[in-house]
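Reproduced below: start_34.csv, with CSV, C-alpha atoms and all ligand atoms.
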```
chain,number,residue,atom,x,y,z
L,13,MET,CA,0.0,0.0,0.0
L,14,SER,CA,1.7,3.1,-1.1
L,15,GLU,CA,0.7,6.4,0.5
L,16,GLU,CA,0.7,8.5,-2.7
L,17,LYS,CA,-1.8,6.2,-4.4
L,18,GLU,CA,-3.7,8.4,-6.8
L,19,LYS,CA,-7.5,8.4,-6.7
L,20,ILE,CA,-9.1,6.4,-9.5
L,21,VAL,CA,-12.4,7.6,-10.8
L,22,LEU,CA,-14.6,5.2,-12.7
L,23,LYS,CA,-15.7,7.6,-15.4
L,24,THR,CA,-15.5,7.2,-19.1
L,25,ALA,CA,-16.6,8.9,-22.3
L,26,PRO,CA,-20.4,9.6,-22.1
L,27,PHE,CA,-22.9,8.4,-24.6
L,28,ASP,CA,-22.8,10.7,-27.6
L,29,ASN,CA,-26.2,11.4,-29.3
L,30,ARG,CA,-24.5,12.1,-32.6
L,31,PHE,CA,-23.2,8.5,-32.7
L,32,PRO,CA,-26.0,6.2,-31.5
L,33,ASN,CA,-25.0,3.2,-33.6
L,34,THR,CA,-22.7,0.2,-33.2
L,35,ASN,CA,-20.2,1.9,-35.6
L,36,GLN,CA,-18.3,4.4,-33.5
L,37,THR,CA,-15.6,5.2,-36.0
L,38,LYS,CA,-16.9,8.7,-36.6
L,39,ASN,CA,-17.1,9.4,-32.9
L,40,CYS,CA,-13.3,8.8,-32.6
L,41,TRP,CA,-12.6,10.8,-35.8
L,42,GLN,CA,-14.8,13.7,-34.9
L,43,ASN,CA,-13.2,14.1,-31.5
L,44,TYR,CA,-9.7,13.9,-32.8
L,45,VAL,CA,-10.4,16.5,-35.5
L,46,ASP,CA,-12.2,18.7,-33.0
L,47,TYR,CA,-9.1,18.6,-30.7
L,48,GLN,CA,-6.8,19.5,-33.5
L,49,ARG,CA,-9.0,22.5,-34.5
L,50,CYS,CA,-9.3,23.5,-30.9
L,51,ILE,CA,-5.6,23.7,-30.2
L,52,LYS,CA,-5.1,25.4,-33.6
L,53,ALA,CA,-7.5,28.1,-32.6
L,54,LYS,CA,-6.8,28.4,-28.9
L,55,GLY,CA,-3.3,26.9,-28.4
L,56,GLU,CA,-2.2,23.7,-26.8
L,57,ASP,CA,-2.6,24.8,-23.2
L,58,PHE,CA,-6.3,25.9,-23.6
L,59,GLU,CA,-8.2,24.0,-20.9
L,60,ALA,CA,-11.3,23.2,-22.8
L,61,CYS,CA,-9.4,21.4,-25.6
L,62,GLN,CA,-8.5,18.7,-23.1
L,63,TYR,CA,-12.1,17.4,-23.2
L,64,PHE,CA,-11.7,16.4,-26.8
L,65,LYS,CA,-8.4,14.8,-26.1
L,66,ARG,CA,-9.8,12.7,-23.3
L,67,ILE,CA,-12.6,11.5,-25.5
L,68,TYR,CA,-10.5,10.6,-28.5
L,69,ARG,CA,-8.0,8.8,-26.3
L,70,ILE,CA,-10.8,6.7,-24.9
L,71,MET,CA,-12.5,6.1,-28.3
L,72,CYS,CA,-9.7,5.8,-30.8
L,73,PRO,CA,-7.4,2.7,-31.2
L,74,ASN,CA,-3.9,3.7,-30.2
L,75,HIS,CA,-2.3,2.8,-33.5
L,76,TRP,CA,-4.7,5.2,-35.3
L,77,VAL,CA,-3.8,8.1,-33.0
L,78,GLU,CA,-0.1,7.4,-33.5
L,79,GLN,CA,-0.5,7.5,-37.3
L,80,TRP,CA,-2.7,10.6,-37.3
L,81,ASP,CA,-0.3,12.5,-35.0
L,82,GLU,CA,2.5,11.7,-37.4
L,83,GLN,CA,0.3,12.9,-40.3
L,84,VAL,CA,-0.7,16.1,-38.5
L,85,GLU,CA,3.0,16.8,-37.9
L,86,ASN,CA,3.9,16.3,-41.5
L,87,GLY,CA,0.9,18.2,-42.8
L,88,THR,CA,-0.5,15.2,-44.6
L,89,PHE,CA,-3.6,14.6,-42.3
L,90,ALA,CA,-6.7,13.9,-44.3
L,91,GLY,CA,-9.1,16.0,-42.2
L,92,ARG,CA,-9.7,19.7,-42.4
L,93,ILE,CA,-8.2,21.3,-39.4
S,2,MET,CA,-5.2,-37.3,-5.6
S,3,LYS,CA,-4.1,-33.7,-5.1
S,4,ASP,CA,-3.7,-33.3,-8.8
S,5,PHE,CA,-7.1,-34.7,-9.4
S,6,ILE,CA,-8.7,-32.3,-7.0
S,7,LYS,CA,-6.9,-29.4,-8.5
S,8,ASN,CA,-8.0,-30.4,-12.0
S,9,VAL,CA,-11.6,-30.6,-10.9
S,10,TYR,CA,-11.5,-27.4,-9.0
S,11,CYS,CA,-9.9,-25.6,-12.0
S,12,SER,CA,-12.5,-26.8,-14.4
S,13,LEU,CA,-15.3,-25.8,-12.0
S,14,ILE,CA,-14.2,-22.2,-11.6
S,15,ARG,CA,-13.8,-21.7,-15.3
S,16,ASP,CA,-16.6,-20.6,-17.7
S,17,ALA,CA,-15.5,-22.4,-20.8
S,18,ASN,CA,-16.9,-24.8,-23.4
S,19,GLU,CA,-16.6,-28.5,-22.7
S,20,PRO,CA,-16.3,-31.5,-24.9
S,21,TRP,CA,-19.6,-32.6,-26.6
S,22,GLN,CA,-21.4,-29.7,-25.1
S,23,LEU,CA,-24.9,-29.3,-26.6
S,24,GLY,CA,-26.4,-26.4,-24.5
S,25,PHE,CA,-25.3,-22.9,-23.7
S,26,GLN,CA,-22.6,-22.1,-21.2
S,27,ASP,CA,-23.7,-20.7,-17.9
S,28,ALA,CA,-24.8,-17.1,-18.1
S,29,GLY,CA,-22.3,-14.5,-16.8
S,30,SER,CA,-24.4,-11.4,-17.7
S,31,PRO,CA,-28.1,-10.5,-17.6
S,32,VAL,CA,-28.4,-10.4,-21.4
S,33,MET,CA,-27.1,-14.0,-21.6
S,34,GLU,CA,-29.7,-15.0,-19.0
S,35,GLU,CA,-32.4,-13.5,-21.2
S,36,ILE,CA,-31.1,-15.2,-24.3
S,37,ILE,CA,-31.2,-18.6,-22.6
S,38,MET,CA,-34.7,-17.9,-21.4
S,39,LEU,CA,-35.8,-16.9,-24.9
S,40,HIS,CA,-34.2,-20.0,-26.3
S,41,ASP,CA,-36.0,-22.2,-23.8
S,42,GLN,CA,-39.3,-20.5,-24.5
S,43,ILE,CA,-39.0,-21.1,-28.2
S,44,LEU,CA,-38.0,-24.7,-27.7
S,45,PHE,CA,-41.0,-25.2,-25.5
S,46,ILE,CA,-43.3,-24.0,-28.2
S,47,LEU,CA,-41.4,-26.0,-30.8
S,48,THR,CA,-41.7,-29.2,-28.8
S,49,ILE,CA,-45.5,-28.8,-28.5
S,50,ILE,CA,-45.8,-28.1,-32.3
S,51,VAL,CA,-43.7,-31.1,-33.3
S,52,GLY,CA,-45.5,-33.3,-30.9
S,53,VAL,CA,-49.0,-32.4,-32.1
S,54,VAL,CA,-48.1,-32.6,-35.8
S,55,LEU,CA,-46.4,-35.9,-35.4
S,56,TRP,CA,-49.3,-37.3,-33.5
S,57,LEU,CA,-51.8,-36.1,-36.1
S,58,ILE,CA,-49.7,-37.6,-39.0
S,59,ILE,CA,-49.4,-40.9,-37.3
S,60,ARG,CA,-53.0,-41.2,-36.4
S,61,ILE,CA,-54.1,-40.3,-39.9
S,62,LEU,CA,-51.6,-42.6,-41.6
S,63,LEU,CA,-52.5,-45.5,-39.4
S,64,GLY,CA,-55.9,-45.7,-41.1
S,65,ASN,CA,-59.0,-47.3,-39.5
S,66,ASN,CA,-60.0,-44.7,-37.0
S,67,TYR,CA,-61.8,-41.4,-36.6
S,68,TYR,CA,-58.9,-39.5,-38.2
S,69,SER,CA,-58.9,-41.4,-41.4
S,70,TYR,CA,-62.0,-39.5,-42.2
S,71,TYR,CA,-59.8,-36.7,-43.3
S,72,TRP,CA,-58.4,-38.8,-46.2
S,73,ASN,CA,-61.6,-38.0,-48.0
S,74,LYS,CA,-61.9,-34.4,-47.0
S,75,LEU,CA,-60.9,-32.1,-49.9
S,76,ASP,CA,-61.6,-28.7,-48.4
S,77,GLY,CA,-62.8,-27.0,-45.2
S,78,SER,CA,-62.9,-23.2,-44.6
S,79,LEU,CA,-63.0,-23.5,-40.8
S,80,ILE,CA,-59.9,-25.6,-40.5
S,81,GLU,CA,-58.1,-23.3,-43.0
S,82,VAL,CA,-58.8,-20.3,-40.8
S,83,ILE,CA,-57.8,-22.1,-37.7
S,84,TRP,CA,-54.5,-23.4,-39.0
S,85,THR,CA,-53.6,-20.0,-40.4
S,86,LEU,CA,-54.5,-18.0,-37.3
S,87,ILE,CA,-52.9,-20.2,-34.7
S,88,PRO,CA,-49.4,-20.3,-36.4
S,89,ALA,CA,-49.6,-16.6,-36.9
S,90,PHE,CA,-50.3,-16.1,-33.2
S,91,ILE,CA,-47.4,-18.4,-32.3
S,92,LEU,CA,-45.1,-16.5,-34.5
S,93,ILE,CA,-46.1,-13.2,-32.9
S,94,LEU,CA,-45.4,-14.8,-29.5
S,95,ILE,CA,-41.9,-15.6,-30.6
S,96,ALA,CA,-41.1,-12.4,-32.6
S,97,PHE,CA,-41.9,-9.9,-29.9
S,98,PRO,CA,-39.7,-11.2,-27.1
S,99,SER,CA,-37.0,-11.7,-29.7
S,100,LEU,CA,-37.2,-8.1,-30.9
S,101,ARG,CA,-37.3,-6.8,-27.3
S,102,LEU,CA,-34.1,-8.6,-26.6
S,103,LEU,CA,-32.5,-7.4,-29.8
S,104,TYR,CA,-33.0,-3.8,-28.8
S,105,ILE,CA,-31.8,-4.4,-25.2
S,106,MET,CA,-28.6,-5.8,-26.6
S,107,ASP,CA,-28.2,-2.9,-28.9
S,108,GLU,CA,-28.1,-0.4,-26.0
S,109,CYS,CA,-25.4,-2.2,-24.0
S,110,GLY,CA,-22.6,0.3,-24.1
S,111,PHE,CA,-24.8,3.4,-23.6
S,112,SER,CA,-24.4,3.9,-19.8
S,113,ALA,CA,-20.9,2.7,-19.5
S,114,ASN,CA,-18.5,3.4,-16.6
S,115,ILE,CA,-15.5,1.7,-18.2
S,116,THR,CA,-14.3,1.7,-21.7
S,117,ILE,CA,-11.9,-0.9,-23.0
S,118,LYS,CA,-10.4,-1.1,-26.5
S,119,VAL,CA,-9.9,-4.4,-28.1
S,120,THR,CA,-7.7,-4.8,-31.2
S,121,GLY,CA,-7.4,-8.1,-33.1
S,122,HIS,CA,-4.0,-8.9,-34.6
S,123,GLN,CA,-2.7,-11.9,-36.5
S,124,TRP,CA,-2.8,-13.7,-34.1
S,125,TYR,CA,-3.4,-12.3,-30.7
S,126,TRP,CA,-5.6,-9.7,-29.1
S,127,SER,CA,-4.4,-6.5,-27.5
S,128,TYR,CA,-6.3,-4.6,-24.9
S,129,SER,CA,-6.1,-1.1,-23.6
S,130,TYR,CA,-7.6,1.0,-20.9
S,131,GLU,CA,-7.6,4.8,-21.5
S,132,ASP,CA,-10.1,6.0,-18.9
S,133,TYR,CA,-7.6,7.0,-16.2
S,134,GLY,CA,-6.0,10.2,-17.4
S,135,GLU,CA,-2.3,9.9,-18.1
S,136,LYS,CA,-2.3,6.4,-16.8
S,137,ASN,CA,-2.5,4.3,-19.9
S,138,ILE,CA,-2.7,0.5,-19.6
S,139,GLU,CA,-2.0,-1.5,-22.7
S,140,PHE,CA,-1.1,-5.1,-23.2
S,141,ASP,CA,-1.1,-8.0,-25.6
S,142,SER,CA,-2.8,-11.3,-24.9
S,143,TYR,CA,-1.2,-14.4,-26.4
S,144,MET,CA,-2.3,-18.0,-26.1
S,145,ILE,CA,-0.2,-20.2,-23.8
S,146,PRO,CA,1.2,-23.0,-26.0
S,147,THR,CA,0.1,-26.5,-25.0
S,148,ALA,CA,3.6,-27.4,-23.8
S,149,ASP,CA,3.6,-24.6,-21.2
S,150,LEU,CA,0.3,-25.4,-19.7
S,151,GLU,CA,0.0,-26.1,-16.0
S,152,LEU,CA,-2.3,-28.6,-14.3
S,153,GLY,CA,-5.9,-27.6,-14.6
S,154,ASP,CA,-5.3,-25.1,-17.5
S,155,LEU,CA,-7.5,-25.4,-20.6
S,156,ARG,CA,-5.7,-26.3,-23.8
S,157,LEU,CA,-6.0,-23.7,-26.6
S,158,LEU,CA,-7.9,-21.4,-24.3
S,159,GLU,CA,-5.4,-20.1,-21.7
S,160,VAL,CA,-3.7,-16.7,-22.3
S,161,ASP,CA,-0.7,-15.0,-20.7
S,162,ASN,CA,-2.5,-11.7,-19.9
S,163,ARG,CA,-6.2,-11.8,-19.1
S,164,LEU,CA,-8.6,-8.9,-19.6
S,165,ILE,CA,-9.4,-7.8,-16.0
S,166,LEU,CA,-12.9,-6.3,-15.5
S,167,PRO,CA,-15.0,-5.5,-12.4
S,168,VAL,CA,-18.3,-7.2,-11.7
S,169,ASP,CA,-21.6,-5.2,-11.6
S,170,THR,CA,-20.2,-2.5,-13.8
S,171,ASN,CA,-21.3,-1.4,-17.3
S,172,VAL,CA,-18.5,-2.0,-19.6
S,173,ARG,CA,-18.2,-0.5,-23.1
S,174,VAL,CA,-16.1,-2.5,-25.5
S,175,LEU,CA,-14.7,-0.9,-28.6
S,176,ILE,CA,-13.5,-3.5,-31.1
S,177,THR,CA,-11.3,-3.1,-34.1
S,178,ALA,CA,-8.6,-5.0,-35.9
S,179,ALA,CA,-5.1,-4.0,-37.2
S,180,ASP,CA,-4.8,-6.4,-40.1
S,181,VAL,CA,-7.7,-8.7,-41.2
S,182,LEU,CA,-11.2,-9.5,-39.9
S,183,HIS,CA,-11.4,-11.1,-36.4
S,184,SER,CA,-14.3,-11.5,-34.1
S,185,TRP,CA,-14.2,-11.0,-30.3
S,186,THR,CA,-16.4,-13.5,-28.6
S,187,VAL,CA,-17.3,-14.5,-25.1
S,188,PRO,CA,-20.3,-16.9,-25.0
S,189,SER,CA,-21.0,-16.6,-21.3
S,190,LEU,CA,-21.3,-12.8,-21.6
S,191,ALA,CA,-23.3,-12.9,-24.8
S,192,VAL,CA,-20.8,-11.0,-26.9
S,193,LYS,CA,-19.7,-11.7,-30.4
S,194,MET,CA,-18.6,-8.6,-32.3
S,195,ASP,CA,-16.6,-8.5,-35.5
S,196,ALA,CA,-13.2,-6.7,-35.4
S,197,VAL,CA,-12.9,-4.8,-38.7
S,198,PRO,CA,-9.8,-2.9,-39.8
S,199,GLY,CA,-10.6,0.8,-40.1
S,200,ARG,CA,-13.8,0.6,-38.2
S,201,ILE,CA,-14.7,0.7,-34.5
S,202,ASN,CA,-17.5,-1.5,-33.3
S,203,GLU,CA,-19.1,-0.8,-30.0
S,204,THR,CA,-20.7,-3.4,-27.7
S,205,GLY,CA,-21.0,-3.8,-24.0
S,206,PHE,CA,-22.0,-6.0,-21.1
S,207,LEU,CA,-22.4,-6.2,-17.3
S,208,ILE,CA,-20.7,-9.1,-15.6
S,209,LYS,CA,-22.8,-10.3,-12.7
S,210,ARG,CA,-20.4,-12.6,-10.9
S,211,PRO,CA,-16.7,-13.0,-10.4
S,212,GLY,CA,-15.3,-15.7,-12.8
S,213,ILE,CA,-13.1,-16.5,-15.7
S,214,PHE,CA,-14.8,-16.4,-19.0
S,215,TYR,CA,-13.3,-18.0,-22.1
S,216,GLY,CA,-13.9,-17.3,-25.8
S,217,GLN,CA,-12.3,-17.8,-29.1
S,218,CYS,CA,-11.7,-15.7,-32.2
S,219,SER,CA,-14.8,-16.3,-34.3
S,220,GLU,CA,-14.0,-15.0,-37.7
S,221,ILE,CA,-11.6,-17.0,-39.8
S,222,CYS,CA,-8.4,-14.9,-39.9
S,223,GLY,CA,-5.6,-17.0,-41.1
S,224,ALA,CA,-3.3,-19.8,-40.1
S,225,ASN,CA,-3.5,-19.3,-36.3
S,226,HIS,CA,-7.1,-18.4,-36.1
S,227,SER,CA,-7.7,-21.2,-33.6
S,228,PHE,CA,-4.9,-20.0,-31.4
S,229,MET,CA,-6.0,-16.6,-30.3
S,230,PRO,CA,-8.4,-17.2,-27.4
S,231,ILE,CA,-10.0,-14.6,-25.2
S,232,VAL,CA,-10.0,-14.7,-21.4
S,233,VAL,CA,-12.0,-12.2,-19.3
S,234,GLU,CA,-11.4,-12.3,-15.6
S,235,SER,CA,-14.0,-10.5,-13.5
S,236,VAL,CA,-13.1,-9.4,-10.0
S,237,SER,CA,-14.6,-7.2,-7.4
S,238,LEU,CA,-14.6,-3.4,-8.0
S,239,SER,CA,-12.0,-2.8,-5.2
S,240,LYS,CA,-9.7,-5.5,-6.6
S,241,TYR,CA,-10.1,-3.9,-10.0
S,242,ILE,CA,-9.1,-0.5,-8.7
S,243,ASP,CA,-6.1,-2.0,-6.9
S,244,TRP,CA,-5.1,-3.6,-10.2
S,245,ILE,CA,-5.4,-0.4,-12.1
S,246,GLY,CA,-3.3,1.3,-9.4
S,247,ARG,CA,-0.6,-1.4,-9.5
S,248,GLU,CA,-0.4,-1.5,-13.3
S,249,ASP,CA,2.5,0.8,-14.3
S,250,LEU,CA,3.1,1.1,-17.9
R,1,CU,CU,-8.7,-13.9,-35.4
```

Will you turn the file into structure tokens for me?
Ligand SMILES: [Cu+2]
Amino acid sequence: MSEEKEKIVLKTAPFDNRFPNTNQTKNCWQNYVDYQRCIKAKGEDFEACQYFKRIYRIMCPNHWVEQWDEQVENGTFAGRI
Amino acid sequence: MKDFIKNVYCSLIRDANEPWQLGFQDAGSPVMEEIIMLHDQILFILTIIVGVVLWLIIRILLGNNYYSYYWNKLDGSLIEVIWTLIPAFILILIAFPSLRLLYIMDECGFSANITIKVTGHQWYWSYSYEDYGEKNIEFDSYMIPTADLELGDLRLLEVDNRLILPVDTNVRVLITAADVLHSWTVPSLAVKMDAVPGRINETGFLIKRPGIFYGQCSEICGANHSFMPIVVESVSLSKYIDWIGREDL
């Protein structure tokens, strides 16, 4: 038992009315694109952008995020940011 | 003797398929209970129908009795109406509970407290938990080869890293694949969801008791398709939180 054990909150991405179906691909994509737009407009430290980041980290497969991050860096990302 | 006891104990605490099994595995989630109940209801109706029809056929074919009267009967409006309406009513009796269950299953991930991501690879599964801020838990789950099994382990079903989940908690499962089609399946929890490259499929369940639930990849995915089993271990919520806290990756 370590003293500095951080508190774990059982909370996850809420149900999103825009994506009520089994296919959640767009849910992941939309939140990723929203995050990129958000930090482009407001800067990386803007608090509200973190919401999108949390959702896409929960919804998107990690290997997709890695690929997209690379594409954003190289300017070859397919979405409009 | 000790080995025998261990073997029996291990097979009792595991929720897996068994040789020559004809029925369902024990339910581990409320949806699976409902499915078993619907199956039993339909089979009950089916047994009555088969029994009555067989009885009528035999009585008519055997001749010299009251029923052989029907050999000479060419038409009858009343009987036509009766044997149209009764089957229609029976079909309604089956269709509505079935539809109800279908819609319940569709809403499984809606009120989730935990999200896990499942990715199918050739030929193993990888799991990741992303709910807990910067703490990101991610691991691969490979089958244990037969040569490395311990006493009481199940051949072709045991994995090195089990998916740990708490009981009585709504779990959302997001399933995708990295290479070809796979299918993430756990019969006791009533989940079978295709893993499709480039697409995220959502499903969910609520595990109602601690246990170890086994499943296998259910979409033919290449040479080692039979060797990428799925093991879900359900534990109490406090143990789950302990495990999340301990896991440092
Ligand atoms: Cu597979």

Do you have, as a tab-separated table, the list of residues of chain S lying at most 6 Å from ligand CU 1 (chain R), each with its nearest atom pair and that distance in Å to one decimal, counting only C-alpha atoms and all ligand atoms and ordered by chain then number?
```
residue	atom	partner	partner_atom	distance
S:His183	CA	R:CU1	CU	4.0
S:Cys218	CA	R:CU1	CU	4.7
S:Glu220	CA	R:CU1	CU	5.9
S:Cys222	CA	R:CU1	CU	4.6
S:His226	CA	R:CU1	CU	4.8
```

Exercise for the section: For region 79-89 of chain L, list every protein, DNA or RNA residue within 12 Å, evaluated using all atoms listed in the file, and leave out those in the same chain fewer than 3 positions away; present the list as a PyMOL selection string. Expected result: chain L and resi 40-41+44-45+47-49+52+68+72-76+92-93

Residues of chain S at most 6 Å from chain L: nearest atom pair and distance in Å, only C-alpha atoms, as a tab-separated table:
```
residue	atom	partner	partner_atom	distance
S:Phe111	CA	L:Phe27	CA	5.4
S:Asn114	CA	L:Lys23	CA	5.2
S:Ile115	CA	L:Thr24	CA	5.6
S:Glu131	CA	L:Ile70	CA	5.0
S:Asp132	CA	L:Thr24	CA	5.5
S:Arg200	CA	L:Thr37	CA	5.4
S:Ile201	CA	L:Thr37	CA	4.8
S:Asn202	CA	L:Asn35	CA	4.9
S:Glu203	CA	L:Thr34	CA	4.9
```

Practice task
Could you jot down the CA of Thr170 (chain S) to CA of Ile208 (chain S) separation for me, Å, one decimal place?
Solution key: 6.9 Å

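Those residues that approach Leu94 (chain S) to within 12 Å, counting only C-alpha atoms, are Leu39, Gln42, Ile43, Phe45, Ile46, Leu47, Ile87, Pro88, Ala89, Phe90, Ile91, Leu92, Ala96, Phe97, Pro98, Ser99, Leu100 and Arg101 of chain S; same-chain residues fewer than 2 positions away are not listed.
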
Spatial sel., origin (-10.5, -7.3, -34.0), limit 6 Å, only C-alpha atoms, listed as a CSV table (one decimal) with C-alpha atoms, in the frame of the given file:
```csv
chain,number,residue,atom,x,y,z
S,120,THR,CA,-7.7,-4.8,-31.2
S,121,GLY,CA,-7.4,-8.1,-33.1
S,176,ILE,CA,-13.5,-3.5,-31.1
S,177,THR,CA,-11.3,-3.1,-34.1
S,178,ALA,CA,-8.6,-5.0,-35.9
S,183,HIS,CA,-11.4,-11.1,-36.4
S,184,SER,CA,-14.3,-11.5,-34.1
S,196,ALA,CA,-13.2,-6.7,-35.4
S,197,VAL,CA,-12.9,-4.8,-38.7
```

Problem - Straight-line distance linking CA of Trp126 (chain S) with CA of Glu34 (chain S), stated in Å to one decimal - result: 26.7 Å

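The space separating CA of Ala28 (chain S) from CA of Val9 (chain S) comes to 20.2 Å.
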
Practice task
With a distance cut-off of 8 Å and only C-alpha atoms, select the neighbouring residues of region 156-168 of chain S, excluding the residue or stretch itself and same-chain residues fewer than 6 positions from it, and output the selection as an MDAnalysis selection string.
Solution key: chainID S and resid 128 140:147 150 207:211 215:217 227:238 240:241
